[in-house]
Structure formats: structure tokens, C-alpha cells
Amino acid sequence: EADTSLYVSAVESAVGESGDWNGYGILLPGLAQLPAALDLKKLHTNVVMGSFDTDSFLHESLLTGGMLFGIDQQPYLQGYSPIAILTNAITTKQTFLDHSMKSGPKFVIAPPTDGEAACRDREFPVCSGD
């Protein structure tokens with residue numbers, strides 16, 4: 001397990017205050033910082049934290065209260081889909097009536113249900129809405 005003391009020390013130095021850090025929030029750029037951030041939270045219990053990306057460790061941290069949220073990134077939906085749709089619009093001169101696409105990202109505040117996890121494990125075939 002990585003030594004998280006350097007991370008904890010750097011963040012504490014940047015904040016420059018002791019105590020429980022009530023009113024402070026930290027957004028992690030990814031899950032690599034999660035173990036160190038959870039160590040930091042042990043020392044400053046009222047800091048709230050969220051992170052980009054999700055995995056089982058983040059889901060566990062949501063249940064235990066270590067993390068407030070994750071941000072579920074959907075690179076295919078957010079990156080490729082718009083290009084395919086725009087290409088189709090240009091080549092066919094047809095567009096959607098509803099231009100709103102709910103492609104994410106979304107806040108994850110709880111682990112996935114068993115049905116959602118099974119759907120993800122099967123690489124998202126047409127799944128029920130559970």
C-alpha cells in the first residue's frame with residue numbers, strides 16, 4: 001500500500017488550518033488519490049469529498065460515508081456519440097427533433113443495484129430500468 005502521508009501533508013499545508021475542516025470540499029481528479037484522501041478525512045472528519053470516476057472502492061466509500069459522490073464518466077456517450085450524430089446530420093440533412101441527449105456525466109451517490117451491476121458486467125445490452 002502506498003504511503004499517503006505526503007499527500008495528507010501537502011493538502012494540509014495548502015489548506016493551512018487544523019480542525020475538522022467543516023465547510024471544506026475536495027474534488028479528486030481520479031480514484032488514484034482515494035486512499036490518501038480517505039486518510040485525510042480521518043484527520044479532518046467534516047471535509048466532504050467527491051471524485052471523478054467510479055469503482056467498487058468508491059462504492060464502498062459511499063456506503064461508509066468517506067465519500068459524498070463519484071462522477072460517472074461516459075467517454076463513449078460524451079465523446080464519440082456526438083461525432084456520429086453530427087456526421088449523420090451532415091450527410092443525411094436530417095436531425096433529431098429533441099436535441100437533448102442525456103449522455104452524462106452523472107453523480108453517483110450510491111453503489112449500483114445488483115441489476116445495474118449485472119448490466120454493466122454484460123457491457124450494457126438493452127437493460128431493464130432497475
# chains A, B, ... in the order shown; residues from 1 in each chain; ligands from 1
$ residues_around --residues "region 70-76 of chain A" --least-positions-apart "6" --cutoff "6 Å" --atoms "only C-alpha atoms" --output "ChimeraX atom specification"
/A:50-54,105-108
$ write_last_selection --atoms "all heavy atoms" --output "PDB file, in the first residue's frame"
ATOM      1  N   GLY A  50     -15.587  14.311  -3.200  1.00  0.00           N
ATOM      2  CA  GLY A  50     -16.127  13.627  -4.352  1.00  0.00           C
ATOM      3  C   GLY A  50     -14.982  13.330  -5.297  1.00  0.00           C
ATOM      4  O   GLY A  50     -13.877  13.842  -5.130  1.00  0.00           O
ATOM      5  N   SER A  51     -15.250  12.479  -6.290  1.00  0.00           N
ATOM      6  CA  SER A  51     -14.185  12.096  -7.207  1.00  0.00           C
ATOM      7  C   SER A  51     -14.729  11.846  -8.599  1.00  0.00           C
ATOM      8  O   SER A  51     -15.860  11.390  -8.757  1.00  0.00           O
ATOM      9  CB  SER A  51     -13.497  10.825  -6.712  1.00  0.00           C
ATOM     10  OG  SER A  51     -12.483  10.430  -7.610  1.00  0.00           O
ATOM     11  N   PHE A  52     -13.905  12.129  -9.591  1.00  0.00           N
ATOM     12  CA  PHE A  52     -14.193  11.656 -10.933  1.00  0.00           C
ATOM     13  C   PHE A  52     -13.943  10.154 -10.952  1.00  0.00           C
ATOM     14  O   PHE A  52     -13.080   9.651 -10.233  1.00  0.00           O
ATOM     15  CB  PHE A  52     -13.285  12.350 -11.962  1.00  0.00           C
ATOM     16  CG  PHE A  52     -13.693  13.755 -12.246  1.00  0.00           C
ATOM     17  CD1 PHE A  52     -13.101  14.813 -11.584  1.00  0.00           C
ATOM     18  CD2 PHE A  52     -14.708  14.020 -13.162  1.00  0.00           C
ATOM     19  CE1 PHE A  52     -13.483  16.122 -11.841  1.00  0.00           C
ATOM     20  CE2 PHE A  52     -15.107  15.323 -13.424  1.00  0.00           C
ATOM     21  CZ  PHE A  52     -14.496  16.373 -12.755  1.00  0.00           C
ATOM     22  N   ASP A  53     -14.692   9.446 -11.764  1.00  0.00           N
ATOM     23  CA  ASP A  53     -14.601   8.002 -11.954  1.00  0.00           C
ATOM     24  C   ASP A  53     -15.279   7.257 -10.809  1.00  0.00           C
ATOM     25  O   ASP A  53     -15.528   7.806  -9.740  1.00  0.00           O
ATOM     26  CB  ASP A  53     -13.161   7.526 -12.130  1.00  0.00           C
ATOM     27  CG  ASP A  53     -12.494   8.127 -13.354  1.00  0.00           C
ATOM     28  OD1 ASP A  53     -13.202   8.329 -14.361  1.00  0.00           O
ATOM     29  OD2 ASP A  53     -11.297   8.405 -13.309  1.00  0.00           O
ATOM     30  N   THR A  54     -15.575   6.005 -11.068  1.00  0.00           N
ATOM     31  CA  THR A  54     -16.211   5.147 -10.071  1.00  0.00           C
ATOM     32  C   THR A  54     -15.610   3.756 -10.152  1.00  0.00           C
ATOM     33  O   THR A  54     -15.143   3.327 -11.203  1.00  0.00           O
ATOM     34  CB  THR A  54     -17.740   5.041 -10.291  1.00  0.00           C
ATOM     35  OG1 THR A  54     -17.988   4.478 -11.580  1.00  0.00           O
ATOM     36  CG2 THR A  54     -18.409   6.394 -10.181  1.00  0.00           C
ATOM     37  N   PRO A 105     -21.910  13.528 -17.772  1.00  0.00           N
ATOM     38  CA  PRO A 105     -21.746  12.604 -16.656  1.00  0.00           C
ATOM     39  C   PRO A 105     -22.874  12.743 -15.646  1.00  0.00           C
ATOM     40  O   PRO A 105     -23.682  13.660 -15.730  1.00  0.00           O
ATOM     41  CB  PRO A 105     -20.426  13.049 -16.034  1.00  0.00           C
ATOM     42  CG  PRO A 105     -20.337  14.500 -16.328  1.00  0.00           C
ATOM     43  CD  PRO A 105     -21.009  14.669 -17.669  1.00  0.00           C
ATOM     44  N   LYS A 106     -22.911  11.808 -14.709  1.00  0.00           N
ATOM     45  CA  LYS A 106     -23.907  11.885 -13.655  1.00  0.00           C
ATOM     46  C   LYS A 106     -23.230  11.680 -12.305  1.00  0.00           C
ATOM     47  O   LYS A 106     -22.154  11.090 -12.216  1.00  0.00           O
ATOM     48  CB  LYS A 106     -25.018  10.868 -13.863  1.00  0.00           C
ATOM     49  CG  LYS A 106     -24.585   9.432 -13.677  1.00  0.00           C
ATOM     50  CD  LYS A 106     -25.747   8.480 -13.829  1.00  0.00           C
ATOM     51  CE  LYS A 106     -25.268   7.064 -13.544  1.00  0.00           C
ATOM     52  NZ  LYS A 106     -26.322   6.107 -13.499  1.00  0.00           N
ATOM     53  N   PHE A 107     -23.864  12.204 -11.285  1.00  0.00           N
ATOM     54  CA  PHE A 107     -23.364  11.994  -9.933  1.00  0.00           C
ATOM     55  C   PHE A 107     -23.779  10.617  -9.456  1.00  0.00           C
ATOM     56  O   PHE A 107     -24.933  10.223  -9.608  1.00  0.00           O
ATOM     57  CB  PHE A 107     -23.915  13.052  -8.974  1.00  0.00           C
ATOM     58  CG  PHE A 107     -23.244  14.376  -9.102  1.00  0.00           C
ATOM     59  CD1 PHE A 107     -23.857  15.420  -9.745  1.00  0.00           C
ATOM     60  CD2 PHE A 107     -21.977  14.572  -8.571  1.00  0.00           C
ATOM     61  CE1 PHE A 107     -23.241  16.652  -9.872  1.00  0.00           C
ATOM     62  CE2 PHE A 107     -21.340  15.801  -8.702  1.00  0.00           C
ATOM     63  CZ  PHE A 107     -21.976  16.838  -9.343  1.00  0.00           C
ATOM     64  N   VAL A 108     -22.847   9.890  -8.897  1.00  0.00           N
ATOM     65  CA  VAL A 108     -23.109   8.588  -8.313  1.00  0.00           C
ATOM     66  C   VAL A 108     -23.059   8.772  -6.806  1.00  0.00           C
ATOM     67  O   VAL A 108     -22.027   9.174  -6.263  1.00  0.00           O
ATOM     68  CB  VAL A 108     -22.050   7.554  -8.772  1.00  0.00           C
ATOM     69  CG1 VAL A 108     -22.262   6.218  -8.096  1.00  0.00           C
ATOM     70  CG2 VAL A 108     -22.086   7.415 -10.283  1.00  0.00           C
TER      71      VAL A 108
END
$ select_by_dssp --residues "chain A" --states "helix (DSSP H, G or I)" --output "ChimeraX atom specification"
/A:5-15,31-43,56-64,75-92,114-121
$ atom_distance --atom1 "CA of Thr45 (chain A)" --atom2 "CA of Thr113 (chain A)"
28.0 Å
$ residues_around --residues "Leu6 (chain A)" --least-positions-apart "5" --cutoff "12 Å" --atoms "only C-alpha atoms" --output "ChimeraX atom specification"
/A:11-13,33,36-37,39-40
$ write_last_selection --atoms "N, CA, C and O atoms" --output "PDB file, in the first residue's frame"
ATOM      1  N   VAL A  11      -1.851  18.513   1.294  1.00  0.00           N
ATOM      2  CA  VAL A  11      -3.188  19.100   1.343  1.00  0.00           C
ATOM      3  C   VAL A  11      -3.348  19.931   2.614  1.00  0.00           C
ATOM      4  O   VAL A  11      -3.879  21.045   2.581  1.00  0.00           O
ATOM      5  N   GLU A  12      -2.872  19.402   3.743  1.00  0.00           N
ATOM      6  CA  GLU A  12      -2.960  20.166   4.993  1.00  0.00           C
ATOM      7  C   GLU A  12      -2.188  21.478   4.888  1.00  0.00           C
ATOM      8  O   GLU A  12      -2.653  22.520   5.361  1.00  0.00           O
ATOM      9  N   SER A  13      -1.041  21.447   4.250  1.00  0.00           N
ATOM     10  CA  SER A  13      -0.245  22.657   4.061  1.00  0.00           C
ATOM     11  C   SER A  13      -0.980  23.669   3.190  1.00  0.00           C
ATOM     12  O   SER A  13      -0.975  24.865   3.467  1.00  0.00           O
ATOM     13  N   GLN A  33      -6.148   8.945  -6.034  1.00  0.00           N
ATOM     14  CA  GLN A  33      -5.973   9.713  -4.803  1.00  0.00           C
ATOM     15  C   GLN A  33      -6.895   9.250  -3.678  1.00  0.00           C
ATOM     16  O   GLN A  33      -6.791   9.732  -2.555  1.00  0.00           O
ATOM     17  N   ALA A  36      -5.421   8.017  -0.114  1.00  0.00           N
ATOM     18  CA  ALA A  36      -4.823   9.119   0.638  1.00  0.00           C
ATOM     19  C   ALA A  36      -5.899  10.099   1.100  1.00  0.00           C
ATOM     20  O   ALA A  36      -5.833  10.624   2.219  1.00  0.00           O
ATOM     21  N   ALA A  37      -6.893  10.346   0.272  1.00  0.00           N
ATOM     22  CA  ALA A  37      -7.971  11.263   0.643  1.00  0.00           C
ATOM     23  C   ALA A  37      -8.761  10.716   1.829  1.00  0.00           C
ATOM     24  O   ALA A  37      -9.161  11.475   2.715  1.00  0.00           O
ATOM     25  N   ASP A  39      -7.514   8.804   4.152  1.00  0.00           N
ATOM     26  CA  ASP A  39      -6.646   9.025   5.315  1.00  0.00           C
ATOM     27  C   ASP A  39      -6.763  10.472   5.795  1.00  0.00           C
ATOM     28  O   ASP A  39      -6.791  10.736   6.999  1.00  0.00           O
ATOM     29  N   LEU A  40      -6.835  11.394   4.862  1.00  0.00           N
ATOM     30  CA  LEU A  40      -7.003  12.808   5.205  1.00  0.00           C
ATOM     31  C   LEU A  40      -8.328  13.028   5.936  1.00  0.00           C
ATOM     32  O   LEU A  40      -8.396  13.761   6.921  1.00  0.00           O
TER      33      LEU A  40
END
$ closest_residue --among "A:Ala10, A:Ala32, A:Leu86, A:Leu77" --to "Phe57 (chain A)" --atoms "only C-alpha atoms"
A:Ala32
$ residues_around --residues "Pro35 (chain A)" --least-positions-apart "2" --cutoff "12 Å" --atoms "only C-alpha atoms" --output "short mmCIF file (atom, residue, chain, number, x, y, z; two decimals) with all heavy atoms, in the first residue's frame"
data_model
loop_
_atom_site.label_atom_id
_atom_site.label_comp_id
_atom_site.auth_asym_id
_atom_site.auth_seq_id
_atom_site.Cartn_x
_atom_site.Cartn_y
_atom_site.Cartn_z
N GLU A 1 0.85 -1.19 0.00
CA GLU A 1 0.00 0.00 0.00
C GLU A 1 0.88 1.24 0.00
O GLU A 1 1.88 1.31 0.69
CB GLU A 1 -0.92 -0.04 1.22
CG GLU A 1 -1.92 1.10 1.21
CD GLU A 1 -2.98 0.91 2.27
OE1 GLU A 1 -3.67 -0.12 2.22
OE2 GLU A 1 -3.09 1.77 3.13
N ALA A 2 0.49 2.20 -0.77
CA ALA A 2 1.28 3.41 -0.93
C ALA A 2 1.28 4.24 0.36
O ALA A 2 0.33 4.22 1.13
CB ALA A 2 0.72 4.24 -2.08
N ASP A 3 2.37 4.96 0.57
CA ASP A 3 2.47 5.88 1.70
C ASP A 3 1.65 7.12 1.35
O ASP A 3 1.95 7.82 0.38
CB ASP A 3 3.93 6.23 1.95
CG ASP A 3 4.10 7.21 3.09
OD1 ASP A 3 3.15 7.38 3.88
OD2 ASP A 3 5.18 7.79 3.20
N THR A 4 0.64 7.39 2.15
CA THR A 4 -0.25 8.51 1.86
C THR A 4 0.12 9.77 2.64
O THR A 4 -0.51 10.81 2.47
CB THR A 4 -1.71 8.13 2.18
OG1 THR A 4 -1.80 7.80 3.57
CG2 THR A 4 -2.15 6.94 1.34
N SER A 5 1.16 9.70 3.45
CA SER A 5 1.49 10.83 4.32
C SER A 5 1.91 12.07 3.53
O SER A 5 1.61 13.20 3.94
CB SER A 5 2.57 10.45 5.33
OG SER A 5 3.75 10.08 4.66
N TYR A 7 0.77 13.05 0.58
CA TYR A 7 -0.47 13.64 0.09
C TYR A 7 -1.17 14.39 1.21
O TYR A 7 -1.57 15.54 1.04
CB TYR A 7 -1.38 12.53 -0.46
CG TYR A 7 -2.73 13.00 -0.94
CD1 TYR A 7 -2.94 13.36 -2.26
CD2 TYR A 7 -3.81 13.07 -0.07
CE1 TYR A 7 -4.18 13.78 -2.70
CE2 TYR A 7 -5.06 13.50 -0.50
CZ TYR A 7 -5.23 13.84 -1.81
OH TYR A 7 -6.46 14.26 -2.25
N VAL A 8 -1.32 13.73 2.36
CA VAL A 8 -2.00 14.34 3.50
C VAL A 8 -1.28 15.63 3.91
O VAL A 8 -1.90 16.68 4.11
CB VAL A 8 -2.10 13.36 4.68
CG1 VAL A 8 -2.57 14.05 5.95
CG2 VAL A 8 -3.04 12.20 4.32
N LEU A 28 -11.57 15.10 -6.09
CA LEU A 28 -10.42 14.33 -6.55
C LEU A 28 -10.47 14.21 -8.07
O LEU A 28 -11.53 13.97 -8.64
CB LEU A 28 -10.43 12.93 -5.94
CG LEU A 28 -10.51 12.85 -4.42
CD1 LEU A 28 -10.59 11.40 -3.97
CD2 LEU A 28 -9.36 13.56 -3.77
N GLY A 30 -9.33 11.84 -9.79
CA GLY A 30 -9.46 10.44 -10.15
C GLY A 30 -9.32 9.57 -8.91
O GLY A 30 -9.05 10.06 -7.81
N LEU A 31 -9.48 8.28 -9.08
CA LEU A 31 -9.51 7.37 -7.95
C LEU A 31 -8.14 7.02 -7.39
O LEU A 31 -8.03 6.44 -6.32
CB LEU A 31 -10.27 6.10 -8.33
CG LEU A 31 -11.74 6.35 -8.66
CD1 LEU A 31 -12.41 5.08 -9.13
CD2 LEU A 31 -12.47 6.93 -7.47
N ALA A 32 -7.06 7.39 -8.09
CA ALA A 32 -5.72 7.10 -7.58
C ALA A 32 -5.48 7.81 -6.25
O ALA A 32 -4.71 7.33 -5.41
CB ALA A 32 -4.66 7.53 -8.60
N GLN A 33 -6.15 8.94 -6.03
CA GLN A 33 -5.97 9.71 -4.80
C GLN A 33 -6.90 9.25 -3.68
O GLN A 33 -6.79 9.73 -2.56
CB GLN A 33 -6.23 11.21 -5.06
CG GLN A 33 -5.28 11.85 -6.01
CD GLN A 33 -5.65 11.59 -7.46
OE1 GLN A 33 -6.78 11.29 -7.79
NE2 GLN A 33 -4.67 11.67 -8.34
N ALA A 37 -6.89 10.35 0.27
CA ALA A 37 -7.97 11.26 0.64
C ALA A 37 -8.76 10.72 1.83
O ALA A 37 -9.16 11.47 2.72
CB ALA A 37 -8.88 11.51 -0.55
N LEU A 38 -8.96 9.41 1.86
CA LEU A 38 -9.67 8.82 3.00
C LEU A 38 -8.84 8.91 4.27
O LEU A 38 -9.39 9.11 5.36
CB LEU A 38 -10.06 7.37 2.69
CG LEU A 38 -11.12 7.22 1.59
CD1 LEU A 38 -11.33 5.75 1.26
CD2 LEU A 38 -12.43 7.89 1.99
N ASP A 39 -7.51 8.80 4.15
CA ASP A 39 -6.65 9.03 5.32
C ASP A 39 -6.76 10.47 5.80
O ASP A 39 -6.79 10.74 7.00
CB ASP A 39 -5.18 8.70 4.98
CG ASP A 39 -4.91 7.22 4.94
OD1 ASP A 39 -5.79 6.42 5.36
OD2 ASP A 39 -3.81 6.85 4.49
N LEU A 40 -6.83 11.39 4.86
CA LEU A 40 -7.00 12.81 5.21
C LEU A 40 -8.33 13.03 5.94
O LEU A 40 -8.40 13.76 6.92
CB LEU A 40 -6.95 13.66 3.93
CG LEU A 40 -7.09 15.16 4.12
CD1 LEU A 40 -5.82 15.73 4.76
CD2 LEU A 40 -7.34 15.83 2.78
N LYS A 41 -9.37 12.37 5.48
CA LYS A 41 -10.69 12.51 6.11
C LYS A 41 -10.70 12.00 7.54
O LYS A 41 -11.45 12.50 8.38
CB LYS A 41 -11.77 11.83 5.27
CG LYS A 41 -13.17 12.10 5.82
CD LYS A 41 -14.23 11.79 4.82
CE LYS A 41 -15.62 11.97 5.39
NZ LYS A 41 -16.00 13.37 5.49
N LYS A 42 -9.89 11.00 7.84
CA LYS A 42 -9.80 10.51 9.22
C LYS A 42 -9.31 11.61 10.16
O LYS A 42 -9.69 11.65 11.32
CB LYS A 42 -8.88 9.30 9.30
CG LYS A 42 -9.42 8.06 8.64
CD LYS A 42 -8.40 6.94 8.67
CE LYS A 42 -8.84 5.76 7.85
NZ LYS A 42 -7.79 4.75 7.70
N SER A 51 -15.25 12.48 -6.29
CA SER A 51 -14.19 12.10 -7.21
C SER A 51 -14.73 11.85 -8.60
O SER A 51 -15.86 11.39 -8.76
CB SER A 51 -13.50 10.82 -6.71
OG SER A 51 -12.48 10.43 -7.61
N PHE A 57 -14.24 0.35 -4.89
CA PHE A 57 -13.68 1.03 -3.72
C PHE A 57 -14.44 2.33 -3.45
O PHE A 57 -14.76 2.66 -2.31
CB PHE A 57 -12.18 1.27 -3.91
CG PHE A 57 -11.47 1.80 -2.69
CD1 PHE A 57 -11.80 1.37 -1.41
CD2 PHE A 57 -10.45 2.71 -2.83
CE1 PHE A 57 -11.13 1.86 -0.29
CE2 PHE A 57 -9.78 3.21 -1.72
CZ PHE A 57 -10.12 2.78 -0.45
N LEU A 58 -14.76 3.07 -4.51
CA LEU A 58 -15.56 4.28 -4.33
C LEU A 58 -16.94 3.93 -3.82
O LEU A 58 -17.46 4.56 -2.90
CB LEU A 58 -15.68 5.08 -5.63
CG LEU A 58 -16.60 6.30 -5.44
CD1 LEU A 58 -15.79 7.53 -5.08
CD2 LEU A 58 -17.45 6.54 -6.63
N GLU A 60 -17.84 1.43 -2.00
CA GLU A 60 -17.69 1.10 -0.58
C GLU A 60 -17.55 2.39 0.25
O GLU A 60 -18.15 2.52 1.32
CB GLU A 60 -16.47 0.21 -0.38
CG GLU A 60 -16.21 -0.21 1.04
CD GLU A 60 -14.94 -1.04 1.15
OE1 GLU A 60 -14.71 -1.90 0.27
OE2 GLU A 60 -14.19 -0.82 2.11
N SER A 61 -16.79 3.34 -0.26
CA SER A 61 -16.59 4.61 0.44
C SER A 61 -17.87 5.44 0.51
O SER A 61 -18.08 6.19 1.47
CB SER A 61 -15.48 5.42 -0.23
OG SER A 61 -14.27 4.71 -0.22
N GLY A 66 -17.25 7.90 3.64
CA GLY A 66 -15.96 8.52 3.34
C GLY A 66 -16.03 9.47 2.16
O GLY A 66 -15.33 10.48 2.11
N MET A 67 -16.87 9.15 1.21
CA MET A 67 -17.03 9.98 0.02
C MET A 67 -18.49 10.40 -0.11
O MET A 67 -19.39 9.64 0.25
CB MET A 67 -16.62 9.21 -1.24
CG MET A 67 -15.15 8.84 -1.30
SD MET A 67 -14.07 10.26 -1.44
CE MET A 67 -14.36 10.71 -3.14
#
